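> Supplied in structure tokens, the structure appears directly below.
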Protein chains: 4
Amino acid sequence: MIISMYPHASKAQVESVCARVQEFGYMPYPLIAEECVAIGVIGSGDLRACLEAVESMPGVEIAIQISAPYPFVSREFRPQSTRINVNGVAIGGSEFVVMAGPCAVESESQILETAEAVAANGARLLRGGAFKPRTSPYDFQGLAESGLKLLDKARRATGLAIVTEVLGECDVSLVADYADMLQVGARNMQNFTLLKALGRCGRPVLLKRGMGATLRELLLSAEYIVSHGNPYVVLCERGIRTFETATRNTCDIAAVPVLHELTHLPVILDPSHAAGKANVVPMLARAAVAVGTDGLLVEVHPCPERALSDGAQSLTIPAFRRMMQDLTPYIQLWKEQREIAVPVHA
Amino acid sequence: MIISMYPHASKAQVESVCARVQEFGYMPYPLIAEECVAIGVIGSGDLRACLEAVESMPGVEIAIQISAPYPFVSREFRPQSTRINVNGVAIGGSEFVVMAGPCAVESESQILETAEAVAANGARLLRGGAFKPRTSPYDFQGLAESGLKLLDKARRATGLAIVTEVLGECDVSLVADYADMLQVGARNMQNFTLLKALGRCGRPVLLKRGMGATLRELLLSAEYIVSHGNPYVVLCERGIRTFETATRNTCDIAAVPVLHELTHLPVILDPSHAAGKANVVPMLARAAVAVGTDGLLVEVHPCPERALSDGAQSLTIPAFRRMMQDLTPYIQLWKEQREIAVPVHA
Amino acid sequence: MIISMYPHASKAQVESVCARVQEFGYMPYPLIAEECVAIGVIGSGDLRACLEAVESMPGVEIAIQISAPYPFVSREFRPQSTRINVNGVAIGGSEFVVMAGPCAVESESQILETAEAVAANGARLLRGGAFKPRTSPYDFQGLAESGLKLLDKARRATGLAIVTEVLGECDVSLVADYADMLQVGARNMQNFTLLKALGRCGRPVLLKRGMGATLRELLLSAEYIVSHGNPYVVLCERGIRTFETATRNTCDIAAVPVLHELTHLPVILDPSHAAGKANVVPMLARAAVAVGTDGLLVEVHPCPERALSDGAQSLTIPAFRRMMQDLTPYIQLWKEQREIAVPVHA
Amino acid sequence: MIISMYPHASKAQVESVCARVQEFGYMPYPLIAEECVAIGVIGSGDLRACLEAVESMPGVEIAIQISAPYPFVSREFRPQSTRINVNGVAIGGSEFVVMAGPCAVESESQILETAEAVAANGARLLRGGAFKPRTSPYDFQGLAESGLKLLDKARRATGLAIVTEVLGECDVSLVADYADMLQVGARNMQNFTLLKALGRCGRPVLLKRGMGATLRELLLSAEYIVSHGNPYVVLCERGIRTFETATRNTCDIAAVPVLHELTHLPVILDPSHAAGKANVVPMLARAAVAVGTDGLLVEVHPCPERALSDGAQSLTIPAFRRMMQDLTPYIQLWKEQREIAVPVHA
């Protein structure tokens, strides 16, 4: 069950409802954010009696019975799609949002050159890793805080919002000091300690699907963040691991409509990691727009062959420009669809 | 190596070239079809000497060294995309070709009603199985030859070309008597006896990717058909088997641009088997058009809930109509792209 | 439901029971083999009434309600494990049966040398392909009937029984003329036309699991063979296709106890294809014995580095000898277990 | 390259070697532990000159060129298998080490009863989670520090060493205060922040393979821990995620011999997570012993049907006793093999 409170509900009212719920043997999970005051209710007891008792309490708008195991992120709770505001850019609304930039921040000139180029070609967020999760301990691990400072500089220079990865719970507040949106990488999708720490952090989170994770698990990981207090989560499909080796991962394009049916959260797609090869990226980007994803996360590097990571899948700046031009009519169709869109139901 | 002969090359010229090639220790695979006379050359020997010796022989247009293990279907051999003519419908050219119909032919009224509806909404081929590969021996196995006769009736009534599955080498000539195009199902993609039999049959073949098969294996299976004499092969991505269970299979959308880069053969997509759920099909169809596939294979049934197979993934006739309307602007973009298209190279 | 008839039941009695079953709206699948007379009953109707009506008919021993979708091969039908007799060798009984030999029959000396060596070291069946399913049309396709003749020669020389692959339904009778057991390769596990043809053939069948097939699908493919008249099926786990590339396939060792629980048919393991590397084969063989498999299918070649196929995974003759010595104490334990074994139930 | 220092090498000597290595443009990774003083050398430069320069320096025993991307854990560096001492129990030596206990510590009586039972039946370590990584935020998350205290109590009562999971870098020192060995769960195998923190912690680590991780990635994750200062790592195969659903995961039994060939670290197997069903666990355990694994990690619960997690795969105490009896002759064979064992090379 989820209890939706009126936006003006007082803290005391929320607490009373929580107390009442506990009397019925349930566990309440209050979620108080800017545009959302709600209480998730988990456990087993006399559901009907609890619903009735709660609905008449002051501050309660409605109490909804929810069958999905991820009540807060489920579309049952919130039939309308959620828009996540990232430093002025709304993801999940009427704008198709492109996030672009290098895999890793490598130097001031690299990040500034890339930021200016992607901003000039329609990107709204700058991506770039200061803390890099690398399979080998001997690979480039990122510039850490100095990388964050360069991202900040690029933000000032271009007006782009910043999305960057956080690797562990101890770094959350440091990264949140610089970034507009914190990214959870695929390898950390089930790092529950990190997810809980992000739940206590006010910043929007970009949650990437694990390469061996089901969509159900992705939604439960999002539920970790939301139930711990942070409703601002954007999901990201980035390809899953299969037996096929012609591409780095297998882009699960159907994940987009399936997620849009199950959750009210925005869903974007990362064609760079899905493909692993720069020449396949623009085609996956087109498919992503057509399938109704809310945005893209794309790797762009001024000189991919000298990139310290992910060079093979990074677009050059001219290739990014061509891709954005190529996408224009598809994004136009996307906007027309979006205007008449109603939530997809099974 | 592939030796491309002039279209007017005589049989004797082809034979002389084959004999010369054998003198160098290679094995020749002659391919003589309407618009294609070529000789595949396999083995190891003095390649340079063989190339030179052959290039000066009468009837020889050019001899090309090819590194792919599937020389005939490789784009190295034929940089221009191949158009496959199926009873007047060209697949791989400037038309986006939709093949639609029920999973299985069940009755005269079912197949005629479906045929008329899909024809009226833009399909060019009618699909429908008379021989059904079913996981369980106790499931409906198809109407066999009477099913083929009903397909023939539907063709006469609507002008649609017919594509239908053949299950074993012994049925090839029977099915070829009725069908315009013979389908090899995913479970038979590496039934090499069947592939060889189809190589000796003049009819176009629709080769579906096995659910556990790599793209390389798909291309090698196509090479079986072509090297045994039949160059008219269309490839079909239909989803692969992964750990994800939210959809029946995982639609490998990147397979389309990857295959377009590796081969000159047309590539279509089957969103019905990929999704396994009717409500996801239209979105995958959109992605398929955007990604540049040459056509679609879609399951449509007048009454999916009473279908003898694949009901859950079949579109109703109104849903098919809506999907085709929804696809119209995407197909328009597809046509504009196609006109300016040059083969995609790595 | 399965109706078990008395071994001495007459053909007329079987026919009467079939007719009675049809009156209740069910479909009967009679199976008449040396040691087994039974009727599978499929469909929906008044089950209780049908059971009662049938149980009192002459020739009927017992009628059992079965919930598995593969009634004939299910352990619900036959709690006792089935022994399959292959030219005097019983698979599934108190002997651990090793089948060994080259991937392909290449020459008289190769097959005779291998046959003598494996016989001398404890193998009871000789494996060797005369018809080879090769991913590429340009790879060695086998010696066909002359290969079968060499296998026959090897059988006369050594007394080993012969197991060899059949690729298509048209070759079943030819291969059955020479072989003691017909193998269905992984790529053909769902070649239903072939399975039906093998159902009509009296010879024991070795059915290999498809590399993308679930255990449920394997059992349904076995059910095809049995329900079409041939109860002599041995199942073979040979590794499945996953994302891991350190081995050629991933040996699903748990398949053995799971299958032993679900079916009364014998289950053997092919460590050669599972591993893809000769040095890993002996360890997988040990695991297979420990886990209670009924036998092994192993590739052995007198000179693996010159083998026309599967060289990397073939044991040399000395390596096979060492493996058999190494397995001796494990097989001893296997025999002790087998003597006290009762069927594994969930 | 790895530079092996003499056990008595002084800190100053190690520092001199590191400095010399840097002059050649390489990056040194010193590893100073009880029985191991070594320096990993990564980067590119004049390898031959660097090797020669270093080999003559005081304190240097030998400098070895290593091709594997995980030099410290590679068998190239240390041909002899490593024994890891966990509170008096040596893993990787001549004893087959069984670790057993509940998925989660739930109460004093539950953990004490289990600890006594597994100790009485041959286990040497007690497993049990105080911090639980659960897919859903609403599932039981463990007793945290009070769970650790109960484990300590069980250790005092039984003499068993304790292995328990640590979920995040902030908890490492807390868990290390109580545990003899720290477990990294499958979902955290690529939580690099945690791996680095464990590298700085003196305690032995049990590193479980991620369910979507290759063996190469597992070894690189182990290399993270070792290169950050902690050489005491035991690897654990626990099944990978595939399309098969008959078992919870697919036990990659071949991982054991493959890892034993590639690394000198001990390798154990967790049959409980691999199977997901209690009745399959004993058979996988047998296979694990036969294949030469260094030990087992098994879930045991006094009352599985009331377990707060993983009940379906937990053995009852009597079932654990039966399994240990059943394993006895296999462990006897294991010991005989171990005595004559030499490292397996390709």
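Ligands are numbered from 1 in the order shown, residues from 1 within each chain, and chains are lettered A, B, ... in the order they appear in the structure tokens.
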Can you list, as a PyMOL selection string, all residues belonging to range 36-178 of chain A that DSSP tags as alpha helix (DSSP H)?
chain A and resi 47-55+108-120+145-158+172-178
> Restricting the output to N, CA and C atoms, write the selected residues as a tab-separated table (two decimals), in the first residue's frame.

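The resulting file, again.tsv, is reproduced below:
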chain	number	residue	atom	x	y	z
A	47	LEU	N	-5.23	-5.60	5.84
A	47	LEU	CA	-5.02	-4.51	4.89
A	47	LEU	C	-6.25	-3.60	4.78
A	48	ARG	N	-7.42	-4.24	4.67
A	48	ARG	CA	-8.65	-3.47	4.49
A	48	ARG	C	-8.88	-2.51	5.67
A	49	ALA	N	-8.74	-3.04	6.88
A	49	ALA	CA	-8.95	-2.23	8.08
A	49	ALA	C	-7.95	-1.08	8.13
A	50	CYS	N	-6.72	-1.39	7.79
A	50	CYS	CA	-5.66	-0.37	7.83
A	50	CYS	C	-5.96	0.74	6.81
A	51	LEU	N	-6.33	0.33	5.59
A	51	LEU	CA	-6.69	1.30	4.54
A	51	LEU	C	-7.79	2.24	5.02
A	52	GLU	N	-8.83	1.64	5.58
A	52	GLU	CA	-9.97	2.44	6.02
A	52	GLU	C	-9.59	3.40	7.15
A	53	ALA	N	-8.84	2.88	8.09
A	53	ALA	CA	-8.43	3.70	9.24
A	53	ALA	C	-7.62	4.90	8.79
A	54	VAL	N	-6.78	4.68	7.81
A	54	VAL	CA	-5.84	5.71	7.39
A	54	VAL	C	-6.50	6.77	6.50
A	55	GLU	N	-7.43	6.32	5.66
A	55	GLU	CA	-7.99	7.24	4.66
A	55	GLU	C	-8.73	8.41	5.27
A	108	GLU	N	41.73	19.52	-18.41
A	108	GLU	CA	40.88	20.69	-18.57
A	108	GLU	C	40.51	20.93	-20.03
A	109	SER	N	41.51	20.83	-20.91
A	109	SER	CA	41.20	21.13	-22.31
A	109	SER	C	40.25	20.07	-22.88
A	110	GLN	N	40.48	18.82	-22.52
A	110	GLN	CA	39.61	17.75	-23.05
A	110	GLN	C	38.17	17.98	-22.63
A	111	ILE	N	37.94	18.26	-21.35
A	111	ILE	CA	36.55	18.35	-20.89
A	111	ILE	C	35.89	19.65	-21.38
A	112	LEU	N	36.67	20.73	-21.44
A	112	LEU	CA	36.07	21.99	-21.91
A	112	LEU	C	35.74	21.92	-23.40
A	113	GLU	N	36.66	21.36	-24.16
A	113	GLU	CA	36.41	21.25	-25.60
A	113	GLU	C	35.17	20.39	-25.86
A	114	THR	N	35.10	19.28	-25.14
A	114	THR	CA	33.95	18.39	-25.34
A	114	THR	C	32.66	19.07	-24.89
A	115	ALA	N	32.71	19.72	-23.73
A	115	ALA	CA	31.51	20.35	-23.19
A	115	ALA	C	30.96	21.39	-24.16
A	116	GLU	N	31.85	22.20	-24.68
A	116	GLU	CA	31.38	23.23	-25.61
A	116	GLU	C	30.78	22.62	-26.88
A	117	ALA	N	31.44	21.58	-27.35
A	117	ALA	CA	30.94	20.96	-28.58
A	117	ALA	C	29.59	20.29	-28.37
A	118	VAL	N	29.43	19.58	-27.27
A	118	VAL	CA	28.15	18.88	-27.09
A	118	VAL	C	27.03	19.88	-26.79
A	119	ALA	N	27.37	20.96	-26.06
A	119	ALA	CA	26.37	22.00	-25.80
A	119	ALA	C	25.93	22.64	-27.11
A	120	ALA	N	26.87	22.90	-27.98
A	120	ALA	CA	26.55	23.55	-29.25
A	120	ALA	C	25.69	22.66	-30.14
A	145	GLU	N	38.73	14.27	-7.03
A	145	GLU	CA	38.16	15.60	-6.81
A	145	GLU	C	38.62	16.61	-7.86
A	146	SER	N	39.85	16.51	-8.34
A	146	SER	CA	40.24	17.49	-9.36
A	146	SER	C	39.41	17.32	-10.63
A	147	GLY	N	38.99	16.10	-10.90
A	147	GLY	CA	38.08	15.87	-12.02
A	147	GLY	C	36.74	16.56	-11.78
A	148	LEU	N	36.25	16.46	-10.55
A	148	LEU	CA	34.98	17.13	-10.22
A	148	LEU	C	35.09	18.64	-10.43
A	149	LYS	N	36.24	19.18	-10.05
A	149	LYS	CA	36.45	20.63	-10.21
A	149	LYS	C	36.45	21.03	-11.68
A	150	LEU	N	37.02	20.15	-12.51
A	150	LEU	CA	37.00	20.46	-13.95
A	150	LEU	C	35.59	20.41	-14.50
A	151	LEU	N	34.79	19.48	-13.99
A	151	LEU	CA	33.40	19.42	-14.42
A	151	LEU	C	32.66	20.70	-14.04
A	152	ASP	N	32.95	21.17	-12.84
A	152	ASP	CA	32.33	22.41	-12.38
A	152	ASP	C	32.70	23.57	-13.31
A	153	LYS	N	33.96	23.61	-13.70
A	153	LYS	CA	34.44	24.64	-14.62
A	153	LYS	C	33.69	24.55	-15.96
A	154	ALA	N	33.52	23.33	-16.42
A	154	ALA	CA	32.82	23.14	-17.70
A	154	ALA	C	31.36	23.57	-17.58
A	155	ARG	N	30.77	23.32	-16.42
A	155	ARG	CA	29.39	23.75	-16.21
A	155	ARG	C	29.28	25.26	-16.29
A	156	ARG	N	30.21	25.95	-15.61
A	156	ARG	CA	30.19	27.41	-15.64
A	156	ARG	C	30.38	27.93	-17.07
A	157	ALA	N	31.24	27.25	-17.82
A	157	ALA	CA	31.55	27.72	-19.17
A	157	ALA	C	30.40	27.51	-20.14
A	158	THR	N	29.59	26.48	-19.90
A	158	THR	CA	28.60	26.09	-20.92
A	158	THR	C	27.16	26.14	-20.45
A	172	VAL	N	29.62	9.98	-1.48
A	172	VAL	CA	28.36	10.57	-1.94
A	172	VAL	C	28.33	12.07	-1.69
A	173	SER	N	28.71	12.50	-0.49
A	173	SER	CA	28.55	13.94	-0.22
A	173	SER	C	29.58	14.76	-1.01
A	174	LEU	N	30.76	14.23	-1.19
A	174	LEU	CA	31.75	14.94	-2.01
A	174	LEU	C	31.24	15.12	-3.44
A	175	VAL	N	30.79	14.04	-4.04
A	175	VAL	CA	30.33	14.12	-5.43
A	175	VAL	C	29.09	15.02	-5.52
A	176	ALA	N	28.21	14.92	-4.50
A	176	ALA	CA	26.99	15.74	-4.52
A	176	ALA	C	27.31	17.23	-4.41
A	177	ASP	N	28.47	17.56	-3.87
A	177	ASP	CA	28.87	18.97	-3.79
A	177	ASP	C	29.11	19.57	-5.17
A	178	TYR	N	29.49	18.72	-6.11
A	178	TYR	CA	29.83	19.21	-7.44
A	178	TYR	C	28.79	18.88	-8.51
> Within 10 Å of chain B, which residues of chain A come that close, and what is the closest atom pair and distance in Å for each? Count only C-alpha atoms and give it as JSON lines.

{"residue": "A:Gly212", "atom": "CA", "partner": "B:Phe243", "partner_atom": "CA", "distance": 7.8}
{"residue": "A:Ala213", "atom": "CA", "partner": "B:Glu244", "partner_atom": "CA", "distance": 7.8}
{"residue": "A:Thr214", "atom": "CA", "partner": "B:Glu244", "partner_atom": "CA", "distance": 5.4}
{"residue": "A:Leu215", "atom": "CA", "partner": "B:Ala246", "partner_atom": "CA", "distance": 7.1}
{"residue": "A:Arg216", "atom": "CA", "partner": "B:Ala246", "partner_atom": "CA", "distance": 8.1}
{"residue": "A:Gly239", "atom": "CA", "partner": "B:Asp252", "partner_atom": "CA", "distance": 9.7}
{"residue": "A:Ile240", "atom": "CA", "partner": "B:Thr242", "partner_atom": "CA", "distance": 8.8}
{"residue": "A:Arg241", "atom": "CA", "partner": "B:Thr242", "partner_atom": "CA", "distance": 8.3}
{"residue": "A:Thr242", "atom": "CA", "partner": "B:Thr242", "partner_atom": "CA", "distance": 6.2}
{"residue": "A:Phe243", "atom": "CA", "partner": "B:Thr214", "partner_atom": "CA", "distance": 7.4}
{"residue": "A:Glu244", "atom": "CA", "partner": "B:Thr214", "partner_atom": "CA", "distance": 5.4}
{"residue": "A:Thr245", "atom": "CA", "partner": "B:Thr214", "partner_atom": "CA", "distance": 7.6}
{"residue": "A:Ala246", "atom": "CA", "partner": "B:Leu215", "partner_atom": "CA", "distance": 7.1}
{"residue": "A:Thr247", "atom": "CA", "partner": "B:Ala254", "partner_atom": "CA", "distance": 7.6}
{"residue": "A:Asn249", "atom": "CA", "partner": "B:Ala254", "partner_atom": "CA", "distance": 9.5}
{"residue": "A:Thr250", "atom": "CA", "partner": "B:Asp252", "partner_atom": "CA", "distance": 6.1}
{"residue": "A:Cys251", "atom": "CA", "partner": "B:Asp252", "partner_atom": "CA", "distance": 6.3}
{"residue": "A:Asp252", "atom": "CA", "partner": "B:Thr250", "partner_atom": "CA", "distance": 6.1}
{"residue": "A:Ile253", "atom": "CA", "partner": "B:Ile253", "partner_atom": "CA", "distance": 6.6}
{"residue": "A:Ala254", "atom": "CA", "partner": "B:Leu284", "partner_atom": "CA", "distance": 6.6}
{"residue": "A:Ala255", "atom": "CA", "partner": "B:Ala246", "partner_atom": "CA", "distance": 8.3}
{"residue": "A:Val256", "atom": "CA", "partner": "B:Met283", "partner_atom": "CA", "distance": 9.0}
{"residue": "A:Pro257", "atom": "CA", "partner": "B:Val280", "partner_atom": "CA", "distance": 6.6}
{"residue": "A:Val258", "atom": "CA", "partner": "B:Val280", "partner_atom": "CA", "distance": 7.2}
{"residue": "A:Leu259", "atom": "CA", "partner": "B:Ala246", "partner_atom": "CA", "distance": 9.7}
{"residue": "A:Glu261", "atom": "CA", "partner": "B:Val280", "partner_atom": "CA", "distance": 9.6}
{"residue": "A:Pro271", "atom": "CA", "partner": "B:Ala254", "partner_atom": "CA", "distance": 9.6}
{"residue": "A:Ala274", "atom": "CA", "partner": "B:Ala254", "partner_atom": "CA", "distance": 8.6}
{"residue": "A:Ala275", "atom": "CA", "partner": "B:Ala254", "partner_atom": "CA", "distance": 7.2}
{"residue": "A:Lys277", "atom": "CA", "partner": "B:Ala346", "partner_atom": "CA", "distance": 9.3}
{"residue": "A:Ala278", "atom": "CA", "partner": "B:Ala346", "partner_atom": "CA", "distance": 9.1}
{"residue": "A:Asn279", "atom": "CA", "partner": "B:Ala346", "partner_atom": "CA", "distance": 6.4}
{"residue": "A:Val280", "atom": "CA", "partner": "B:Pro257", "partner_atom": "CA", "distance": 6.6}
{"residue": "A:Val281", "atom": "CA", "partner": "B:Ala254", "partner_atom": "CA", "distance": 9.0}
{"residue": "A:Pro282", "atom": "CA", "partner": "B:Val291", "partner_atom": "CA", "distance": 9.0}
{"residue": "A:Met283", "atom": "CA", "partner": "B:Val291", "partner_atom": "CA", "distance": 5.4}
{"residue": "A:Leu284", "atom": "CA", "partner": "B:Ala254", "partner_atom": "CA", "distance": 6.6}
{"residue": "A:Ala285", "atom": "CA", "partner": "B:Val291", "partner_atom": "CA", "distance": 8.7}
{"residue": "A:Arg286", "atom": "CA", "partner": "B:Ala290", "partner_atom": "CA", "distance": 5.8}
{"residue": "A:Ala287", "atom": "CA", "partner": "B:Ala287", "partner_atom": "CA", "distance": 4.3}
{"residue": "A:Ala288", "atom": "CA", "partner": "B:Ala287", "partner_atom": "CA", "distance": 7.0}
{"residue": "A:Val289", "atom": "CA", "partner": "B:Ala287", "partner_atom": "CA", "distance": 8.1}
{"residue": "A:Ala290", "atom": "CA", "partner": "B:Ala287", "partner_atom": "CA", "distance": 5.4}
{"residue": "A:Val291", "atom": "CA", "partner": "B:Met283", "partner_atom": "CA", "distance": 5.3}
{"residue": "A:Gly292", "atom": "CA", "partner": "B:Met283", "partner_atom": "CA", "distance": 8.0}
{"residue": "A:Asp326", "atom": "CA", "partner": "B:Gln337", "partner_atom": "CA", "distance": 9.6}
{"residue": "A:Leu327", "atom": "CA", "partner": "B:Ala290", "partner_atom": "CA", "distance": 9.9}
{"residue": "A:Pro329", "atom": "CA", "partner": "B:Leu333", "partner_atom": "CA", "distance": 7.9}
{"residue": "A:Tyr330", "atom": "CA", "partner": "B:Tyr330", "partner_atom": "CA", "distance": 7.8}
{"residue": "A:Leu333", "atom": "CA", "partner": "B:Pro329", "partner_atom": "CA", "distance": 7.9}
{"residue": "A:Gln337", "atom": "CA", "partner": "B:Asp326", "partner_atom": "CA", "distance": 9.6}
{"residue": "A:Val344", "atom": "CA", "partner": "B:Asn279", "partner_atom": "CA", "distance": 8.9}
{"residue": "A:His345", "atom": "CA", "partner": "B:Asn279", "partner_atom": "CA", "distance": 8.5}
{"residue": "A:Ala346", "atom": "CA", "partner": "B:Asn279", "partner_atom": "CA", "distance": 6.6}
> For the residues in that selection, give me C-alpha atoms as a compact mmCIF listing (two decimals), in the first residue's frame.

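And here's again-v3.txt as it stands now:
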# COMPACT_ATOMS: atom_id res chain seq x y z
CA GLY A 212 23.40 -9.28 -15.53
CA ALA A 213 20.32 -7.73 -13.92
CA THR A 214 16.67 -8.25 -14.78
CA LEU A 215 14.28 -5.32 -15.14
CA ARG A 216 12.58 -6.42 -11.92
CA GLY A 239 22.90 -3.34 -22.72
CA ILE A 240 23.05 -6.69 -21.03
CA ARG A 241 25.58 -9.47 -21.16
CA THR A 242 24.72 -12.35 -23.45
CA PHE A 243 26.59 -14.92 -25.57
CA GLU A 244 26.76 -12.54 -28.57
CA THR A 245 30.15 -10.90 -29.03
CA ALA A 246 29.59 -8.84 -32.19
CA THR A 247 28.64 -5.96 -29.89
CA ASN A 249 26.66 -5.84 -24.83
CA THR A 250 23.21 -6.65 -26.15
CA CYS A 251 21.00 -3.56 -26.22
CA ASP A 252 17.69 -4.65 -24.70
CA ILE A 253 15.59 -2.15 -26.61
CA ALA A 254 12.34 -3.69 -25.37
CA ALA A 255 13.35 -2.67 -21.86
CA VAL A 256 12.18 0.87 -22.65
CA PRO A 257 8.49 0.16 -23.34
CA VAL A 258 8.43 -2.52 -20.64
CA LEU A 259 9.82 -0.12 -18.04
CA GLU A 261 4.62 0.33 -18.51
CA PRO A 271 23.89 3.40 -26.88
CA ALA A 274 25.33 -1.15 -25.49
CA ALA A 275 27.17 -1.12 -28.80
CA LYS A 277 31.59 0.39 -31.28
CA ALA A 278 31.24 4.00 -32.37
CA ASN A 279 29.81 3.19 -35.79
CA VAL A 280 26.80 1.35 -34.32
CA VAL A 281 25.95 4.09 -31.79
CA PRO A 282 23.94 6.42 -34.08
CA MET A 283 21.67 3.59 -35.18
CA LEU A 284 20.93 2.56 -31.59
CA ALA A 285 20.29 6.20 -30.78
CA ARG A 286 17.67 6.34 -33.52
CA ALA A 287 16.02 3.18 -32.24
CA ALA A 288 16.01 4.67 -28.74
CA VAL A 289 14.21 7.82 -29.88
CA ALA A 290 11.69 5.81 -31.88
CA VAL A 291 10.93 3.53 -28.97
CA GLY A 292 10.09 6.50 -26.79
CA ASP A 326 20.31 12.66 -38.10
CA LEU A 327 18.13 12.37 -34.98
CA PRO A 329 13.31 14.37 -37.51
CA TYR A 330 13.00 11.40 -35.12
CA LEU A 333 8.15 12.72 -34.19
CA GLN A 337 3.92 11.44 -29.82
CA VAL A 344 1.16 2.86 -21.57
CA HIS A 345 -0.83 0.21 -19.74
CA ALA A 346 -0.71 -3.51 -20.32
> Can you list, as a list in words, every protein, DNA or RNA residue that comes within 7 Å of Phe131 in chain A when you count only C-alpha atoms, leaving out same-chain residues fewer than 4 positions away?
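Listing them by chain and then by number gives Gln141, Gly142, Leu143, Ala144, Glu165, Val166 and Leu167 of chain A.
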> Could you give me, as a PyMOL selection string, the residues within 10 Å of range 4-20 of chain B, counting only C-alpha atoms and dropping anything in the same chain fewer than 2 positions from it?
chain B and resi 1-2+22-41+50+53-55+57-64+77-78
> Could you pull out all residues of range 184-286 of chain C with a DSSP call of strand (DSSP E) and give them as number ranges by chain?
C: 184, 205-208, 233-237, 267-269
> I'd like the contact shell of Met99 in chain C - 7 Å cut-off, only C-alpha atoms, skipping same-chain residues fewer than 3 positions apart - returned as a PyMOL selection string.
chain C and resi 123-127+296-298
> List the spatial neighbours of Val89 in chain D as a PyMOL selection string - criterion: any atom at most 9 Å away, only C-alpha atoms, same-chain residues fewer than 4 positions off excluded.
chain D and resi 84-85+95+97+124-125+161
> Could you name the residues that touch Thr316 in chain D at 6 Å or less, counting only C-alpha atoms, but leaving out those on the same chain fewer than 4 positions away, as a list in words?
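Surrounding residues, per the criterion: Val300, His301 and Pro302 of chain D.
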> So how many Å separate CA of Ser136 in chain C and CA of Arg248 in chain A, to one decimal?
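Computing the Euclidean distance for CA of Ser136 in chain C and CA of Arg248 in chain A yields 24.0 Å.
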